[in-house]
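J.: Please find one structure pasted underneath; my questions will follow.
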Number of protein chains: 2
Amino acid sequence: MLTPTAATASSAVTSSARSSRRASPLRASGRSAARCSSCSMRQLCMPQGLSSDELPKLEALICTARSVQRGEALYRSGDRFDNLYAVRSGSMKTVMAHRDGREQVTGLRLAGEALGLDGISEDAHACSAVALEDSTVCIIPYTALQTLCREISSMQERLHKLMGEQIIREAAQMMVLGSLSADERVAAFLLDVSERHAQRGYSSAEFNLRMTREDMGSYLGMTLETVSRTLSRFQKRGLIDTQGKHIRIVDLEGLRQV
Amino acid sequence: MLTPTAATASSAVTSSARSSRRASPLRASGRSAARCSSCSMRQLCMPQGLSSDELPKLEALICTARSVQRGEALYRSGDRFDNLYAVRSGSMKTVMAHRDGREQVTGLRLAGEALGLDGISEDAHACSAVALEDSTVCIIPYTALQTLCREISSMQERLHKLMGEQIIREAAQMMVLGSLSADERVAAFLLDVSERHAQRGYSSAEFNLRMTREDMGSYLGMTLETVSRTLSRFQKRGLIDTQGKHIRIVDLEGLRQV
DNA sequence: CGAGTCATTGAACGCAGTCAAAGCACGTGG
DNA sequence: CCACGTGCTTTGACTGCGTTCAATGACTCG
């Protein structure tokens with residue numbers, strides 16, 4: 001993994017200062033204009049199946065990285081949509097808000113996963129993306145990506161699949177929220193995260209879930225207390241082993257059968 | 001509206017007969033190879049903003065229509081993905097199933113709306129699309145559409161927005177399922193349907209909802225009894241007027257404030 | 001060390017689910 | 001044309017799961 005680029009000075013940036021910085025991301029701060037060429041995202045967010053002469057075009061596209069502090073927003077609901085992102089390290093949550101102010105976590109993005117598709121249809125982001133821990137993301141300018149997709153069909157294919165995956169992922173989550181009991185929701189969530197860790201080459205049996213119980217509850221449509229109780233019960237049943245945010249899956253098959 | 005093209009012979013087509021017919025849609029049956037050129041879908045599923053020399057290309061693309069009987073599946077979960085669709089008349093629901101057999105309604109498509117994006121990421125459909133009433137759809141071959149999107153950027157733009165819209169729509173539904181009370185869910189649903197009717201030029205205050213109470217409940221993550229009770233209560237409060245599937249919104253503002 | 005955030009656990013309540021029974025609309029066949 | 005069957009809807013009574021309220025404990029970071 002690359003070292004995080006240019007963890008910028010002050011830890012407490014005001015909201016207005018942050019949004020002005022976003023206009024010219026890390027690029028502006030000199031040494032932080034890190035090329036993403038050695039970034040592991042290349043295989044992840046981008047195609048399998050590019051010919052060697054096409055690769056440079058892609059590298060020219062994914063040109064900068066940005067670091068996002070824990071709790072900081074990469075983008076906010078309503079922000080103008082310019083870029084897609086790929087989580088390079090760390091993890092993020094996406095949050096959507098009602099007009100009445102109620103917020104709900106609508107997604108979790110682990111290292112290697114794409115982010116920002118919610119902005120495409122309205123030219124503005126529909127949700128906010130907040131770092132669950134100090135994280136870095138690759139920035140992918142959307143219009144440039146579109147141009148590339150017109151030139152390289154495998155690139156187009158990949159972008160469409162990426163969007164299609166999100167459509168399916170969200171539909172699956174609708175099913176979780178609409179049909180499953182509290183126990184089933186938590187089990188399904190743990191299995192989902194486990195599988196996604198495995199897909200990226202990390203341990204599927206043991207991982208840190210940087211979300212709080214409240215985030216999980218919000219994502220799963222239940223209260224933080226119920227999440228906590230459910231995890232405790234799973235532990236007593238010997239399905240998992242939790243110590244705060246560290247989770248180890250003990251009985252995978254048992255968890256599947258909850 | 002066009003007359004439905006070639007309402008094919010038998011009303012009770014066996015499942016196997018139906019799937020063999022799907023390979024070569026209505027085109028095979030002679031008089032049914034209806035061009036969609038006068039189809040109102042053209043403005044709906046396709047761009048605002050095509051130059052006049054590009055239009056013919058599009059018309060060549062959207063080449064056939066298909067009629068789907070009430071209760072019949074346009075495609076099923078697991079079917080190979082070849083086409084996108086646009087509902088020309090009638091309405092459809094999308095249904096997803098767990099491995100354990102439980103099914104849930106994941107979407108409602110009214111006339112003028114797009115269908116089938118769930119197939120893109122896996123080359124196979126992730127859910128089934130079932131007609132809520134006798135309906136017709138336009139068929140849009142996906143690979144041809146992709147090619148066109150590489151030639152015409154406004155077409156690409158439109159397809160991406162279409163996918164982006166579905167991403168946002170589903171995220172919003174996740175919020176409905178995760179955060180709202182039964183009353184709020186039903187109110188939100190009615191308002192959503194009303195608004196979508198309005199967008200397509202139909203009455204926003206009065207419409208037929210061809211879903212059953214069970215479908216609605218499934219979509220909203222509640223039981224059919226609760227849906228029914230909620231609608232009854234809304235009626236007593238003077239918010240709506242229901243007679244079975246016919247729904248009239250009496251107090252729009254009141255419904256918004258539920 | 002103290003303040004704040006996060007997690008856990010308990011007790012009581014309430015919303016929506018479940019079970020059950022009518023009622024209604026529609027189409028089909030006698 | 002009516003009788004009947006089927007599928008959908010409505011309404012009631014009771015139950016139970018998950019929420020709410022509350023208190024305590026654990027961990028982190030100035």
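In the structure tokens, chains take letters A, B, ... by order of appearance, with residues numbered from 1 within each chain and ligands from 1 in the order shown.
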Select from chain D every residue with an atom at most 8 Å from any atom of chain B, then for each give the shortest pair of atoms and their distance in Å to one decimal, using only C-alpha atoms (C1' of nucleotides), rows by chain and rising number, as a Markdown table.
T.:
| residue | atom | partner | partner_atom | distance |
| --- | --- | --- | --- | --- |
| D:DC8 | C1' | B:Thr212 | CA | 7.5 |
| D:DT9 | C1' | B:Ser228 | CA | 7.4 |
| D:DT10 | C1' | B:Ser228 | CA | 7.0 |
J.: I need the residues from that last selection saved to file as an mmCIF file, in the first residue's frame (with all heavy atoms), if you can.
T.:
data_model
loop_
_atom_site.group_PDB
_atom_site.id
_atom_site.type_symbol
_atom_site.label_atom_id
_atom_site.label_comp_id
_atom_site.auth_asym_id
_atom_site.auth_seq_id
_atom_site.Cartn_x
_atom_site.Cartn_y
_atom_site.Cartn_z
ATOM 1 P P DC D 8 -55.011 -12.225 -6.118
ATOM 2 O OP1 DC D 8 -54.200 -11.653 -7.206
ATOM 3 O OP2 DC D 8 -54.400 -13.100 -5.097
ATOM 4 O "O5'" DC D 8 -55.731 -11.025 -5.371
ATOM 5 C "C5'" DC D 8 -56.586 -10.168 -6.118
ATOM 6 C "C4'" DC D 8 -57.358 -9.290 -5.167
ATOM 7 O "O4'" DC D 8 -58.320 -10.090 -4.452
ATOM 8 C "C3'" DC D 8 -56.513 -8.588 -4.108
ATOM 9 O "O3'" DC D 8 -56.680 -7.187 -4.253
ATOM 10 C "C2'" DC D 8 -57.038 -9.105 -2.775
ATOM 11 C "C1'" DC D 8 -58.442 -9.570 -3.149
ATOM 12 N N1 DC D 8 -58.989 -10.647 -2.295
ATOM 13 C C2 DC D 8 -60.184 -10.433 -1.632
ATOM 14 O O2 DC D 8 -60.764 -9.348 -1.766
ATOM 15 N N3 DC D 8 -60.709 -11.425 -0.853
ATOM 16 C C4 DC D 8 -60.063 -12.580 -0.745
ATOM 17 N N4 DC D 8 -60.617 -13.524 0.029
ATOM 18 C C5 DC D 8 -58.837 -12.830 -1.417
ATOM 19 C C6 DC D 8 -58.333 -11.848 -2.177
ATOM 20 P P DT D 9 -55.986 -6.165 -3.244
ATOM 21 O OP1 DT D 9 -55.812 -4.898 -3.984
ATOM 22 O OP2 DT D 9 -54.855 -6.831 -2.599
ATOM 23 O "O5'" DT D 9 -57.114 -5.936 -2.151
ATOM 24 C "C5'" DT D 9 -58.391 -5.470 -2.555
ATOM 25 C "C4'" DT D 9 -59.267 -5.271 -1.340
ATOM 26 O "O4'" DT D 9 -59.621 -6.562 -0.781
ATOM 27 C "C3'" DT D 9 -58.629 -4.470 -0.208
ATOM 28 O "O3'" DT D 9 -59.446 -3.349 0.054
ATOM 29 C "C2'" DT D 9 -58.545 -5.455 0.958
ATOM 30 C "C1'" DT D 9 -59.640 -6.464 0.618
ATOM 31 N N1 DT D 9 -59.430 -7.844 1.138
ATOM 32 C C2 DT D 9 -60.395 -8.389 1.947
ATOM 33 O O2 DT D 9 -61.402 -7.804 2.291
ATOM 34 N N3 DT D 9 -60.126 -9.674 2.359
ATOM 35 C C4 DT D 9 -59.016 -10.446 2.036
ATOM 36 O O4 DT D 9 -58.899 -11.587 2.473
ATOM 37 C C5 DT D 9 -58.050 -9.810 1.184
ATOM 38 C C7 DT D 9 -56.829 -10.553 0.779
ATOM 39 C C6 DT D 9 -58.297 -8.550 0.777
ATOM 40 P P DT D 10 -59.030 -2.219 1.058
ATOM 41 O OP1 DT D 10 -59.556 -0.945 0.557
ATOM 42 O OP2 DT D 10 -57.591 -2.368 1.351
ATOM 43 O "O5'" DT D 10 -59.837 -2.615 2.369
ATOM 44 C "C5'" DT D 10 -61.234 -2.825 2.271
ATOM 45 C "C4'" DT D 10 -61.760 -3.412 3.560
ATOM 46 O "O4'" DT D 10 -61.332 -4.785 3.673
ATOM 47 C "C3'" DT D 10 -61.290 -2.713 4.842
ATOM 48 O "O3'" DT D 10 -62.431 -2.238 5.535
ATOM 49 C "C2'" DT D 10 -60.553 -3.800 5.620
ATOM 50 C "C1'" DT D 10 -61.138 -5.074 5.038
ATOM 51 N N1 DT D 10 -60.256 -6.273 5.078
ATOM 52 C C2 DT D 10 -60.722 -7.412 5.685
ATOM 53 O O2 DT D 10 -61.815 -7.499 6.204
ATOM 54 N N3 DT D 10 -59.847 -8.468 5.660
ATOM 55 C C4 DT D 10 -58.587 -8.490 5.099
ATOM 56 O O4 DT D 10 -57.901 -9.507 5.133
ATOM 57 C C5 DT D 10 -58.152 -7.271 4.476
ATOM 58 C C7 DT D 10 -56.804 -7.187 3.830
ATOM 59 C C6 DT D 10 -58.997 -6.228 4.493
#
J.: Using only C-alpha atoms, find each residue of chain A with at least one atom at most 7 Å away from an atom of chain B; report its shortest atom-to-atom pair and that distance in Å (one decimal), sort the rows by chain and rising residue number, and return the result as JSON lines.
T.:
{"residue": "A:Gln104", "atom": "CA", "partner": "B:Met175", "partner_atom": "CA", "distance": 6.4}
{"residue": "A:Thr106", "atom": "CA", "partner": "B:Ala171", "partner_atom": "CA", "distance": 6.5}
{"residue": "A:Leu117", "atom": "CA", "partner": "B:Gly164", "partner_atom": "CA", "distance": 6.7}
{"residue": "A:Asp118", "atom": "CA", "partner": "B:Ile168", "partner_atom": "CA", "distance": 6.1}
{"residue": "A:Ile120", "atom": "CA", "partner": "B:Gly164", "partner_atom": "CA", "distance": 5.3}
{"residue": "A:Ser121", "atom": "CA", "partner": "B:Lys161", "partner_atom": "CA", "distance": 4.3}
{"residue": "A:Arg150", "atom": "CA", "partner": "B:Arg150", "partner_atom": "CA", "distance": 4.2}
{"residue": "A:Glu151", "atom": "CA", "partner": "B:Arg150", "partner_atom": "CA", "distance": 7.0}
{"residue": "A:Lys161", "atom": "CA", "partner": "B:Ser121", "partner_atom": "CA", "distance": 4.3}
{"residue": "A:Leu162", "atom": "CA", "partner": "B:Ser121", "partner_atom": "CA", "distance": 7.0}
{"residue": "A:Met163", "atom": "CA", "partner": "B:Met163", "partner_atom": "CA", "distance": 6.8}
{"residue": "A:Gly164", "atom": "CA", "partner": "B:Ser121", "partner_atom": "CA", "distance": 4.6}
{"residue": "A:Glu165", "atom": "CA", "partner": "B:Ser121", "partner_atom": "CA", "distance": 5.3}
{"residue": "A:Gln166", "atom": "CA", "partner": "B:Ile167", "partner_atom": "CA", "distance": 6.9}
{"residue": "A:Ile167", "atom": "CA", "partner": "B:Ile167", "partner_atom": "CA", "distance": 5.5}
{"residue": "A:Ile168", "atom": "CA", "partner": "B:Asp118", "partner_atom": "CA", "distance": 6.1}
{"residue": "A:Glu170", "atom": "CA", "partner": "B:Glu170", "partner_atom": "CA", "distance": 6.2}
{"residue": "A:Ala171", "atom": "CA", "partner": "B:Thr106", "partner_atom": "CA", "distance": 6.5}
{"residue": "A:Met174", "atom": "CA", "partner": "B:Met174", "partner_atom": "CA", "distance": 5.5}
{"residue": "A:Met175", "atom": "CA", "partner": "B:Gln104", "partner_atom": "CA", "distance": 6.4}
{"residue": "A:Leu177", "atom": "CA", "partner": "B:Leu177", "partner_atom": "CA", "distance": 5.9}
{"residue": "A:Gly178", "atom": "CA", "partner": "B:Gly221", "partner_atom": "CA", "distance": 4.0}
{"residue": "A:Ser179", "atom": "CA", "partner": "B:Gly221", "partner_atom": "CA", "distance": 6.3}
{"residue": "A:Leu220", "atom": "CA", "partner": "B:Gly178", "partner_atom": "CA", "distance": 6.7}
{"residue": "A:Gly221", "atom": "CA", "partner": "B:Gly178", "partner_atom": "CA", "distance": 4.0}
J.: Could those selected residues go to a file with N, CA, C and O atoms, as a short mmCIF file (atom, residue, chain, number, x, y, z; two decimals), in the first residue's frame?
T.:
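Once written, selection_29.cif looks like this:
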data_model
loop_
_atom_site.label_atom_id
_atom_site.label_comp_id
_atom_site.auth_asym_id
_atom_site.auth_seq_id
_atom_site.Cartn_x
_atom_site.Cartn_y
_atom_site.Cartn_z
N GLN A 104 -29.77 8.53 7.11
CA GLN A 104 -29.58 7.09 7.13
C GLN A 104 -28.32 6.72 6.35
O GLN A 104 -28.01 7.32 5.32
N THR A 106 -26.56 4.70 3.78
CA THR A 106 -27.06 3.95 2.62
C THR A 106 -26.01 3.02 2.03
O THR A 106 -26.33 2.19 1.18
N LEU A 117 -21.17 7.30 -7.64
CA LEU A 117 -22.12 7.10 -8.72
C LEU A 117 -23.45 7.80 -8.47
O LEU A 117 -24.22 8.04 -9.40
N ASP A 118 -23.71 8.12 -7.21
CA ASP A 118 -24.97 8.79 -6.86
C ASP A 118 -25.07 10.19 -7.45
O ASP A 118 -26.13 10.80 -7.39
N ILE A 120 -24.34 11.01 -10.69
CA ILE A 120 -24.44 11.03 -12.15
C ILE A 120 -25.76 11.60 -12.67
O ILE A 120 -25.76 12.43 -13.57
N SER A 121 -26.85 11.18 -12.05
CA SER A 121 -28.13 11.52 -12.68
C SER A 121 -28.53 12.98 -12.52
O SER A 121 -29.25 13.52 -13.34
N ARG A 150 -15.98 6.19 -24.66
CA ARG A 150 -16.42 6.21 -26.04
C ARG A 150 -15.32 5.68 -26.96
O ARG A 150 -15.58 5.20 -28.05
N GLU A 151 -14.08 5.78 -26.47
CA GLU A 151 -12.96 5.29 -27.28
C GLU A 151 -12.67 3.81 -27.05
O GLU A 151 -12.29 3.10 -27.98
N LYS A 161 -20.83 -2.00 -15.88
CA LYS A 161 -20.93 -3.07 -14.89
C LYS A 161 -20.87 -2.52 -13.48
O LYS A 161 -21.56 -2.98 -12.57
N LEU A 162 -20.01 -1.52 -13.33
CA LEU A 162 -19.88 -0.89 -12.02
C LEU A 162 -21.22 -0.30 -11.57
O LEU A 162 -21.64 -0.48 -10.43
N MET A 163 -21.87 0.37 -12.48
CA MET A 163 -23.17 0.95 -12.14
C MET A 163 -24.20 -0.16 -11.91
O MET A 163 -25.00 -0.10 -10.98
N GLY A 164 -24.14 -1.16 -12.77
CA GLY A 164 -25.05 -2.28 -12.62
C GLY A 164 -24.88 -2.98 -11.28
O GLY A 164 -25.86 -3.38 -10.64
N GLU A 165 -23.64 -3.11 -10.85
CA GLU A 165 -23.38 -3.73 -9.56
C GLU A 165 -24.02 -2.94 -8.43
O GLU A 165 -24.59 -3.51 -7.50
N GLN A 166 -23.90 -1.64 -8.52
CA GLN A 166 -24.49 -0.84 -7.46
C GLN A 166 -26.02 -0.97 -7.47
O GLN A 166 -26.65 -1.04 -6.41
N ILE A 167 -26.59 -1.02 -8.63
CA ILE A 167 -28.04 -1.19 -8.72
C ILE A 167 -28.46 -2.50 -8.05
O ILE A 167 -29.42 -2.54 -7.27
N ILE A 168 -27.72 -3.55 -8.30
CA ILE A 168 -28.05 -4.84 -7.69
C ILE A 168 -27.78 -4.85 -6.20
O ILE A 168 -28.57 -5.37 -5.41
N GLU A 170 -27.89 -2.40 -4.18
CA GLU A 170 -28.93 -1.64 -3.49
C GLU A 170 -30.24 -2.40 -3.46
O GLU A 170 -30.96 -2.39 -2.46
N ALA A 171 -30.55 -3.09 -4.54
CA ALA A 171 -31.78 -3.88 -4.55
C ALA A 171 -31.71 -4.97 -3.49
O ALA A 171 -32.69 -5.24 -2.79
N MET A 174 -32.40 -3.50 -0.24
CA MET A 174 -33.84 -3.27 -0.08
C MET A 174 -34.50 -4.53 0.44
O MET A 174 -35.41 -4.48 1.28
N MET A 175 -34.06 -5.67 -0.06
CA MET A 175 -34.62 -6.93 0.41
C MET A 175 -34.28 -7.18 1.87
O MET A 175 -35.12 -7.64 2.65
N LEU A 177 -33.75 -4.94 4.12
CA LEU A 177 -34.54 -4.02 4.94
C LEU A 177 -36.01 -4.39 4.94
O LEU A 177 -36.72 -4.14 5.91
N GLY A 178 -36.47 -4.96 3.85
CA GLY A 178 -37.91 -5.20 3.74
C GLY A 178 -38.37 -6.55 4.23
O GLY A 178 -39.52 -6.70 4.63
N SER A 179 -37.48 -7.53 4.24
CA SER A 179 -37.92 -8.90 4.49
C SER A 179 -37.30 -9.58 5.69
O SER A 179 -37.85 -10.57 6.18
N LEU A 220 -28.96 -0.85 8.65
CA LEU A 220 -29.79 -2.06 8.69
C LEU A 220 -31.23 -1.78 9.12
O LEU A 220 -32.03 -2.70 9.30
N GLY A 221 -31.55 -0.52 9.31
CA GLY A 221 -32.92 -0.18 9.66
C GLY A 221 -33.31 -0.64 11.06
O GLY A 221 -34.43 -1.10 11.27
#
J.: Dump as JSON lines the rows for residues of chain B within 8 Å of chain C: closest atom pair and distance in Å with one decimal, only C-alpha atoms (C1' of nucleotides) counted, ordered by chain and rising residue number.
T.:
{"residue": "B:Ala182", "atom": "CA", "partner": "C:DA16", "partner_atom": "C1'", "distance": 7.9}
{"residue": "B:Met222", "atom": "CA", "partner": "C:DA16", "partner_atom": "C1'", "distance": 7.9}
{"residue": "B:Thr223", "atom": "CA", "partner": "C:DG17", "partner_atom": "C1'", "distance": 7.3}
{"residue": "B:Thr226", "atom": "CA", "partner": "C:DA16", "partner_atom": "C1'", "distance": 7.2}
J.: Just the residues within 8 Å of A:Val186, please, counting only C-alpha atoms (C1' of nucleotides), with nothing from its chain fewer than 2 positions along; format it as a list in words.
T.: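 The residues satisfying every condition are Ala182, Asp183, Glu184, Ala188, Phe189, Leu190, Leu220, Val227, Thr230 and Leu231 of chain A.
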J.: Ranking B:Glu133, B:Asp215, B:Glu206, B:Glu253 by minimum distance to B:Gly90 and counting only C-alpha atoms, which one comes first?
T.: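 Distance minimum relative to B:Gly90 lands on B:Glu133.
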J.: For A:Ser128, which residue among A:Asp100, A:Asp192, A:Glu72, A:Asp241 is the nearest when counting only C-alpha atoms?
T.: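 Going through A:Asp100, A:Asp192, A:Glu72, A:Asp241 one by one, the smallest distance to A:Ser128 is for A:Glu72.
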J.: From a DSSP pass on the backbone, collect the residues of stretch 134-178 of chain A flagged as strand (DSSP E) and hand them back as a PyMOL selection string.
T.: chain A and resi 135-141
J.: Can you measure atom CA of B:Ala198 to atom CA of B:Pro141 for me? One decimal in Å is fine.
T.: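 Taking atom CA of B:Ala198 and atom CA of B:Pro141, their separation equals 28.4 Å.
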J.: Quote the spacing between atom CA of A:Arg66 and atom CA of A:Cys138 in Å to one decimal place.
T.: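 So the answer is 6.5 Å.
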